[in-house]
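Q: Sharing upload_19.cif below, mmCIF, C-alpha atoms:
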data_input
#
loop_
_atom_site.label_atom_id
_atom_site.label_comp_id
_atom_site.auth_asym_id
_atom_site.auth_seq_id
_atom_site.Cartn_x
_atom_site.Cartn_y
_atom_site.Cartn_z
CA LEU C 1 0.00 0.00 0.00
CA ALA C 2 2.77 2.43 0.91
CA GLU C 3 4.43 1.97 -2.50
CA ARG C 4 1.35 3.21 -4.36
CA LYS C 5 2.21 6.70 -5.56
CA TYR C 6 -1.27 8.01 -6.39
CA LEU C 7 -4.46 8.48 -4.42
CA ALA C 8 -6.61 7.76 -7.46
CA SER C 9 -6.40 7.05 -11.16
CA PHE C 10 -8.70 7.37 -14.14
CA PHE C 11 -7.99 6.40 -17.71
CA GLY C 12 -10.77 7.02 -20.15
CA ARG C 13 -12.23 9.29 -22.76
CA THR C 14 -14.78 12.03 -22.42
CA ASP C 15 -16.75 12.15 -25.60
CA LEU C 16 -20.40 12.42 -26.54
CA VAL C 17 -20.88 8.65 -26.52
CA ARG C 18 -19.80 8.45 -22.87
CA GLY C 19 -21.55 11.59 -21.60
CA PRO C 20 -24.98 11.69 -19.99
CA HIS C 21 -27.40 9.11 -21.33
CA PRO C 22 -29.21 10.70 -24.30
CA TRP C 23 -32.71 9.81 -23.01
CA VAL C 24 -32.19 9.62 -19.26
CA GLY C 25 -29.84 12.57 -18.86
CA GLY C 26 -27.96 13.03 -15.63
CA VAL C 27 -24.43 13.97 -14.73
CA ASP C 28 -21.56 13.75 -17.22
CA VAL C 29 -19.57 11.62 -14.79
CA ARG C 30 -16.37 11.45 -16.82
CA LYS C 31 -16.15 15.23 -17.19
CA GLU C 32 -16.75 15.63 -13.46
CA ILE C 33 -13.97 13.13 -12.70
CA LEU C 34 -11.59 15.08 -14.93
CA ARG C 35 -12.55 18.33 -13.16
CA LEU C 36 -11.14 16.87 -9.94
CA LYS C 37 -7.62 17.46 -11.27
CA GLU C 38 -8.35 21.22 -11.30
CA LEU C 39 -8.82 21.25 -7.52
CA PRO C 40 -6.00 22.46 -5.26
CA GLY C 41 -3.89 19.58 -3.93
CA SER C 42 -4.85 17.17 -6.71
CA GLU C 43 -1.24 16.29 -7.61
CA ASP C 44 -1.87 12.77 -6.30
CA LEU C 45 -4.47 12.06 -9.01
CA GLN C 46 -3.43 10.39 -12.25
CA TYR C 47 -5.31 10.68 -15.53
CA GLY C 48 -4.81 9.38 -19.02
CA ASP C 49 -6.57 9.19 -22.36
CA GLY C 50 -5.61 6.95 -25.23
CA ALA C 51 -2.92 5.10 -23.25
CA THR C 52 -1.89 1.55 -24.06
CA HIS C 53 -3.21 -1.22 -21.84
CA ASP C 54 0.27 -1.71 -20.35
CA VAL C 55 0.50 1.95 -19.32
CA MET C 56 -3.06 1.96 -18.00
CA HIS C 57 -2.65 -1.25 -15.98
CA ALA C 58 0.66 -0.05 -14.52
CA ALA C 59 -1.04 3.20 -13.47
CA TYR C 60 -3.91 1.31 -11.84
CA GLY C 61 -1.37 -0.77 -9.94
CA ASN C 62 0.23 2.45 -8.68
CA ALA C 63 -2.99 3.96 -7.26
CA ARG C 64 -5.00 3.23 -4.13
CA PHE C 65 -8.34 3.97 -5.79
CA CYS C 66 -9.54 3.84 -9.38
CA PHE C 67 -12.56 5.72 -10.64
CA VAL C 68 -15.02 3.45 -12.46
CA PRO C 69 -17.79 5.36 -14.23
CA ARG C 70 -20.28 3.54 -16.40
CA GLY C 71 -19.14 2.65 -19.90
CA LYS C 72 -21.13 2.96 -23.09
CA SER C 73 -23.67 0.64 -21.55
CA GLY C 74 -24.66 0.22 -17.92
CA TRP C 75 -21.39 -1.47 -16.99
CA SER C 76 -17.67 -1.04 -17.63
CA LEU C 77 -14.76 -3.33 -18.37
CA ARG C 78 -12.73 -0.98 -16.17
CA LEU C 79 -14.16 -2.67 -13.05
CA PHE C 80 -12.49 -5.96 -13.95
CA GLU C 81 -9.24 -4.26 -14.94
CA VAL C 82 -8.91 -2.38 -11.66
CA LEU C 83 -9.77 -5.46 -9.59
CA PHE C 84 -6.86 -7.35 -11.16
CA ALA C 85 -4.57 -4.35 -10.59
CA GLY C 86 -5.48 -4.47 -6.89
CA CYS C 87 -6.87 -0.94 -7.07
CA VAL C 88 -9.99 -0.21 -4.99
CA PRO C 89 -12.81 0.59 -7.44
CA VAL C 90 -14.79 3.75 -6.81
CA VAL C 91 -17.92 2.99 -8.82
CA ILE C 92 -19.68 6.15 -9.96
CA SER C 93 -22.81 4.81 -11.59
CA ASP C 94 -25.98 5.22 -9.56
CA LYS C 95 -28.02 2.39 -11.03
CA TRP C 96 -25.31 -0.19 -11.64
CA GLU C 97 -25.80 -3.50 -9.88
CA LEU C 98 -22.47 -5.25 -9.73
CA PRO C 99 -22.05 -8.84 -10.81
CA PHE C 100 -22.47 -11.43 -8.07
CA GLU C 101 -23.91 -9.07 -5.45
CA ASP C 102 -26.21 -12.01 -4.60
CA PHE C 103 -23.35 -13.87 -2.93
CA LEU C 104 -20.43 -11.44 -2.62
CA ASP C 105 -20.49 -8.55 -0.18
CA VAL C 106 -19.28 -5.88 -2.61
CA THR C 107 -19.18 -3.27 0.15
CA ARG C 108 -16.02 -5.03 1.35
CA PHE C 109 -14.09 -4.30 -1.88
CA VAL C 110 -15.95 -1.56 -3.79
CA ILE C 111 -16.81 2.02 -2.90
CA LYS C 112 -20.05 3.18 -4.54
CA TRP C 113 -20.23 6.95 -4.87
CA PRO C 114 -23.24 9.01 -6.02
CA SER C 115 -22.74 10.67 -9.39
CA THR C 116 -24.15 13.94 -8.07
CA GLN C 117 -21.44 14.13 -5.38
CA ILE C 118 -18.29 14.18 -7.54
CA GLY C 119 -16.17 17.00 -6.20
CA PRO C 120 -13.91 17.91 -3.30
CA GLN C 121 -16.02 15.79 -0.91
CA LEU C 122 -15.05 12.64 -2.83
CA LEU C 123 -11.34 13.36 -2.46
CA VAL C 124 -11.77 14.31 1.20
CA TYR C 125 -13.52 10.99 1.82
CA LEU C 126 -10.86 8.91 0.00
CA ARG C 127 -8.02 10.70 1.82
CA SER C 128 -9.76 10.18 5.18
CA LEU C 129 -9.77 6.39 4.93
CA PRO C 130 -7.08 4.89 7.19
CA ASP C 131 -4.46 2.66 5.58
CA SER C 132 -5.90 -0.32 7.46
CA VAL C 133 -9.31 0.19 5.80
CA VAL C 134 -7.78 0.61 2.33
CA GLN C 135 -5.64 -2.49 2.90
CA GLY C 136 -8.78 -4.38 3.94
CA TYR C 137 -10.44 -3.46 0.64
CA MET C 138 -7.33 -4.60 -1.25
CA ASP C 139 -7.12 -7.88 0.67
CA GLU C 140 -10.77 -8.60 -0.14
CA ILE C 141 -10.14 -7.77 -3.80
CA ARG C 142 -7.40 -10.42 -3.93
CA ARG C 143 -9.77 -12.89 -2.28
CA VAL C 144 -12.74 -12.34 -4.64
CA ARG C 145 -11.34 -11.12 -7.96
CA CYS C 146 -11.28 -14.57 -9.54
CA TRP C 147 -15.09 -14.54 -9.50
CA TYR C 148 -14.74 -11.92 -12.25
CA PHE C 149 -12.34 -13.99 -14.38
CA TYR C 150 -13.63 -15.96 -17.37
CA PRO C 151 -11.41 -19.01 -17.78
CA PRO C 152 -9.67 -19.18 -21.17
CA LYS C 153 -9.89 -22.04 -23.63
CA LYS C 154 -7.24 -24.70 -23.09
CA LEU C 155 -5.11 -23.57 -26.06
CA ASP C 156 -5.50 -19.84 -25.47
CA ILE C 157 -2.31 -17.94 -24.55
CA ARG C 158 -4.21 -16.56 -21.56
CA GLY C 159 -4.41 -20.12 -20.23
CA HIS C 160 -0.61 -20.35 -20.33
CA LEU C 161 -0.29 -16.97 -18.59
CA GLN C 162 -2.89 -18.02 -16.03
CA ARG C 163 -0.93 -21.16 -15.15
CA GLN C 164 2.46 -19.39 -15.26
CA HIS C 165 1.38 -16.70 -12.81
CA LYS C 166 -0.84 -19.03 -10.77
CA LEU C 167 -3.71 -16.57 -11.21
CA CYS C 168 -7.22 -17.87 -10.63
CA PRO C 169 -6.49 -21.61 -10.88
CA GLU C 170 -9.49 -23.50 -12.25
CA GLU C 171 -9.46 -26.02 -9.41
CA ASP C 172 -10.43 -23.23 -7.00
CA GLY C 173 -13.92 -23.21 -8.51
CA ARG C 174 -14.11 -19.41 -8.33
CA ASP C 175 -14.59 -17.91 -11.77
CA ALA C 176 -17.23 -15.94 -13.64
CA VAL C 177 -18.81 -18.98 -15.30
CA THR C 178 -19.22 -20.72 -11.94
CA GLY C 179 -20.61 -17.46 -10.51
CA VAL C 180 -23.20 -17.14 -13.26
CA LEU C 181 -24.23 -20.79 -12.83
CA ARG C 182 -24.49 -20.25 -9.08
CA GLN C 183 -26.82 -17.27 -9.59
CA LEU C 184 -28.95 -19.16 -12.13
CA LYS C 185 -29.28 -22.11 -9.77
CA ALA C 186 -30.47 -19.78 -7.00
CA LYS C 187 -33.09 -18.26 -9.33
CA ARG C 188 -34.34 -21.58 -10.66
CA ARG C 189 -38.03 -22.06 -10.08
CA ARG C 190 -38.92 -24.52 -7.44
CA SER C 191 -41.78 -26.74 -8.59
#
Taking this structure as input, can you express it in the form of structure tokens?

A:
Amino acid sequence: LAERKYLASFFGRTDLVRGPHPWVGGVDVRKEILRLKELPGSEDLQYGDGATHDVMHAAYGNARFCFVPRGKSGWSLRLFEVLFAGCVPVVISDKWELPFEDFLDVTRFVIKWPSTQIGPQLLVYLRSLPDSVVQGYMDEIRRVRCWYFYPPKKLDIRGHLQRQHKLCPEEDGRDAVTGVLRQLKAKRRRS
């Protein structure tokens, strides 16, 4: 935790496609996130646009928190990327239900923040969290992140990398496919 240089990181574009929903409206979350860097004392925030995945993932691994606004749809690939970087996701999407909330206590590894409250109060809150609390979030991320991993095909290079780095071994039985099947089983009609 001490080696992480930045309080928070955000890599993403702000364009019309990612602004407020055209029919629903609301806050342009990405623009509000970018406005945070204009605040006094925001030198510990890191932003990027158009960076390679290597640069982006290294930056996420160097931050305590990562801002996760909605993507083009109601969810964002960024959630999965930041979980595997060990960065605490700060989800800024008011109506987003996270995967596997039925059996994972997401409050132990995700901070949900209202989109109408993006401003100095967000940074004050993140800075106020003791290291022990942030470390607790990060420990829980390491414990649950494999639930968000889709196992590769046997001949996929990702399978080799998975085995080489001992990341989310299949024998653990904790992966996204197992999670989906678990949720479907719980929803199955009882007759």

Q: Check what the PyMOL selection byres ((chain C and resi 142) around 12) selects in the file above and give those residues as a list in words.

A: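 Selected by the PyMOL selection byres ((chain C and resi 142) around 12) in this file: Val82, Leu83, Phe84, Ala85, Gly86, Cys87, Val88, Arg108, Phe109, Gln135, Gly136, Tyr137, Met138, Asp139, Glu140, Ile141, Arg143, Val144, Arg145, Cys146, Trp147, Tyr148, Leu167 and Cys168 of chain C.
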
Q: Go through C:Arg127, C:Lys5, C:Arg174, C:Lys31 one by one, measure the shortest atom-to-atom distance of each to Tyr60 of chain C using all atoms listed in the file, and give the residue with the smallest value.

A: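 Of all the options, C:Lys5 lies closest to Tyr60 of chain C.
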
Q: Name the residues that the PyMOL selection byres ((chain C and resi 173) around 12) pulls out of this structure, and write them as a ChimeraX atom specification.

A: /C:144,146-151,168-172,174-179,181-182

Q: The selected residues should be written to file as a short mmCIF file (atom, residue, chain, number, x, y, z; two decimals), in the frame of the given file (atoms: C-alpha atoms).

A:
data_model
loop_
_atom_site.label_atom_id
_atom_site.label_comp_id
_atom_site.auth_asym_id
_atom_site.auth_seq_id
_atom_site.Cartn_x
_atom_site.Cartn_y
_atom_site.Cartn_z
CA VAL C 144 -12.74 -12.34 -4.64
CA CYS C 146 -11.28 -14.57 -9.54
CA TRP C 147 -15.09 -14.54 -9.50
CA TYR C 148 -14.74 -11.92 -12.25
CA PHE C 149 -12.34 -13.99 -14.38
CA TYR C 150 -13.63 -15.96 -17.37
CA PRO C 151 -11.41 -19.01 -17.78
CA CYS C 168 -7.22 -17.87 -10.63
CA PRO C 169 -6.49 -21.61 -10.88
CA GLU C 170 -9.49 -23.50 -12.25
CA GLU C 171 -9.46 -26.02 -9.41
CA ASP C 172 -10.43 -23.23 -7.00
CA ARG C 174 -14.11 -19.41 -8.33
CA ASP C 175 -14.59 -17.91 -11.77
CA ALA C 176 -17.23 -15.94 -13.64
CA VAL C 177 -18.81 -18.98 -15.30
CA THR C 178 -19.22 -20.72 -11.94
CA GLY C 179 -20.61 -17.46 -10.51
CA LEU C 181 -24.23 -20.79 -12.83
CA ARG C 182 -24.49 -20.25 -9.08
#

Q: Enter the distance from atom CA of Phe67 of chain C to atom CA of Leu1 of chain C, in Å, rounded to one decimal.

A: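 These atoms are spaced 17.4 Å apart.
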
Q: Convert the output of the PyMOL selection byres ((chain C and resi 41-44) around 9) on the shown file into explicit residues, formatted as JSON, numbers by chain.

A: {"C": [5, 6, 7, 8, 9, 36, 37, 38, 39, 40, 45, 46, 63, 123]}

Q: Fewer than 2 positions away in the same chain doesn't count, so skip those; otherwise give me all residues within 9 Å of Phe103 of chain C, counting all atoms listed in the file, as JSON, numbers by chain.

A: {"C": [100, 101, 105, 106, 179, 182, 183]}

Q: May I ask for the distance between atom CA of Ile111 of chain C and atom CA of Ser128 of chain C, given in Å to one decimal place?

A: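 Result for atom CA of Ile111 of chain C versus atom CA of Ser128 of chain C: 13.5 Å, one decimal.
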
Q: For each of C:Phe80, C:Trp96, C:Phe11, C:Phe65, take the minimum atom-to-atom distance to Ala51 of chain C, counting only C-alpha atoms, then give the residue where this is smallest.

A: C:Phe11

Q: Counting all atoms listed in the file, what is within 10 Å of Gly12 of chain C, bar same-chain residues fewer than 5 positions away, as a PDB file with C-alpha atoms, keeping the file's coordinate frame?

A:
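Output file selection.pdb is given in full below:
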ATOM      1  CA  ARG C  18     -19.800   8.450 -22.870  1.00  0.00           C
ATOM      2  CA  ARG C  30     -16.370  11.450 -16.820  1.00  0.00           C
ATOM      3  CA  LEU C  34     -11.590  15.080 -14.930  1.00  0.00           C
ATOM      4  CA  TYR C  47      -5.310  10.680 -15.530  1.00  0.00           C
ATOM      5  CA  GLY C  48      -4.810   9.380 -19.020  1.00  0.00           C
ATOM      6  CA  ASP C  49      -6.570   9.190 -22.360  1.00  0.00           C
ATOM      7  CA  GLY C  50      -5.610   6.950 -25.230  1.00  0.00           C
ATOM      8  CA  ALA C  51      -2.920   5.100 -23.250  1.00  0.00           C
ATOM      9  CA  MET C  56      -3.060   1.960 -18.000  1.00  0.00           C
ATOM     10  CA  PHE C  67     -12.560   5.720 -10.640  1.00  0.00           C
ATOM     11  CA  VAL C  68     -15.020   3.450 -12.460  1.00  0.00           C
ATOM     12  CA  PRO C  69     -17.790   5.360 -14.230  1.00  0.00           C
ATOM     13  CA  GLY C  71     -19.140   2.650 -19.900  1.00  0.00           C
ATOM     14  CA  ARG C  78     -12.730  -0.980 -16.170  1.00  0.00           C
TER      15      ARG C  78
END

Q: Work out how far apart atom CA of Ser132 of chain C and atom CA of Trp113 of chain C are and give it in Å to one decimal.

A: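 Atom-to-atom, atom CA of Ser132 of chain C and atom CA of Trp113 of chain C are spaced 20.3 Å apart.
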
Q: When distances are computed from all atoms listed in the file, which of C:Val124, C:Ala58, C:Gly26, C:Val133 shows the smallest separation from Asp94 of chain C?

A: C:Gly26

Q: Mind listing as JSON, numbers by chain all residues within 10 Å of (-30.5, 10.4, -10.6), counting only C-alpha atoms?

A: {"C": [24, 25, 26, 27, 93, 94, 95, 114, 115, 116]}
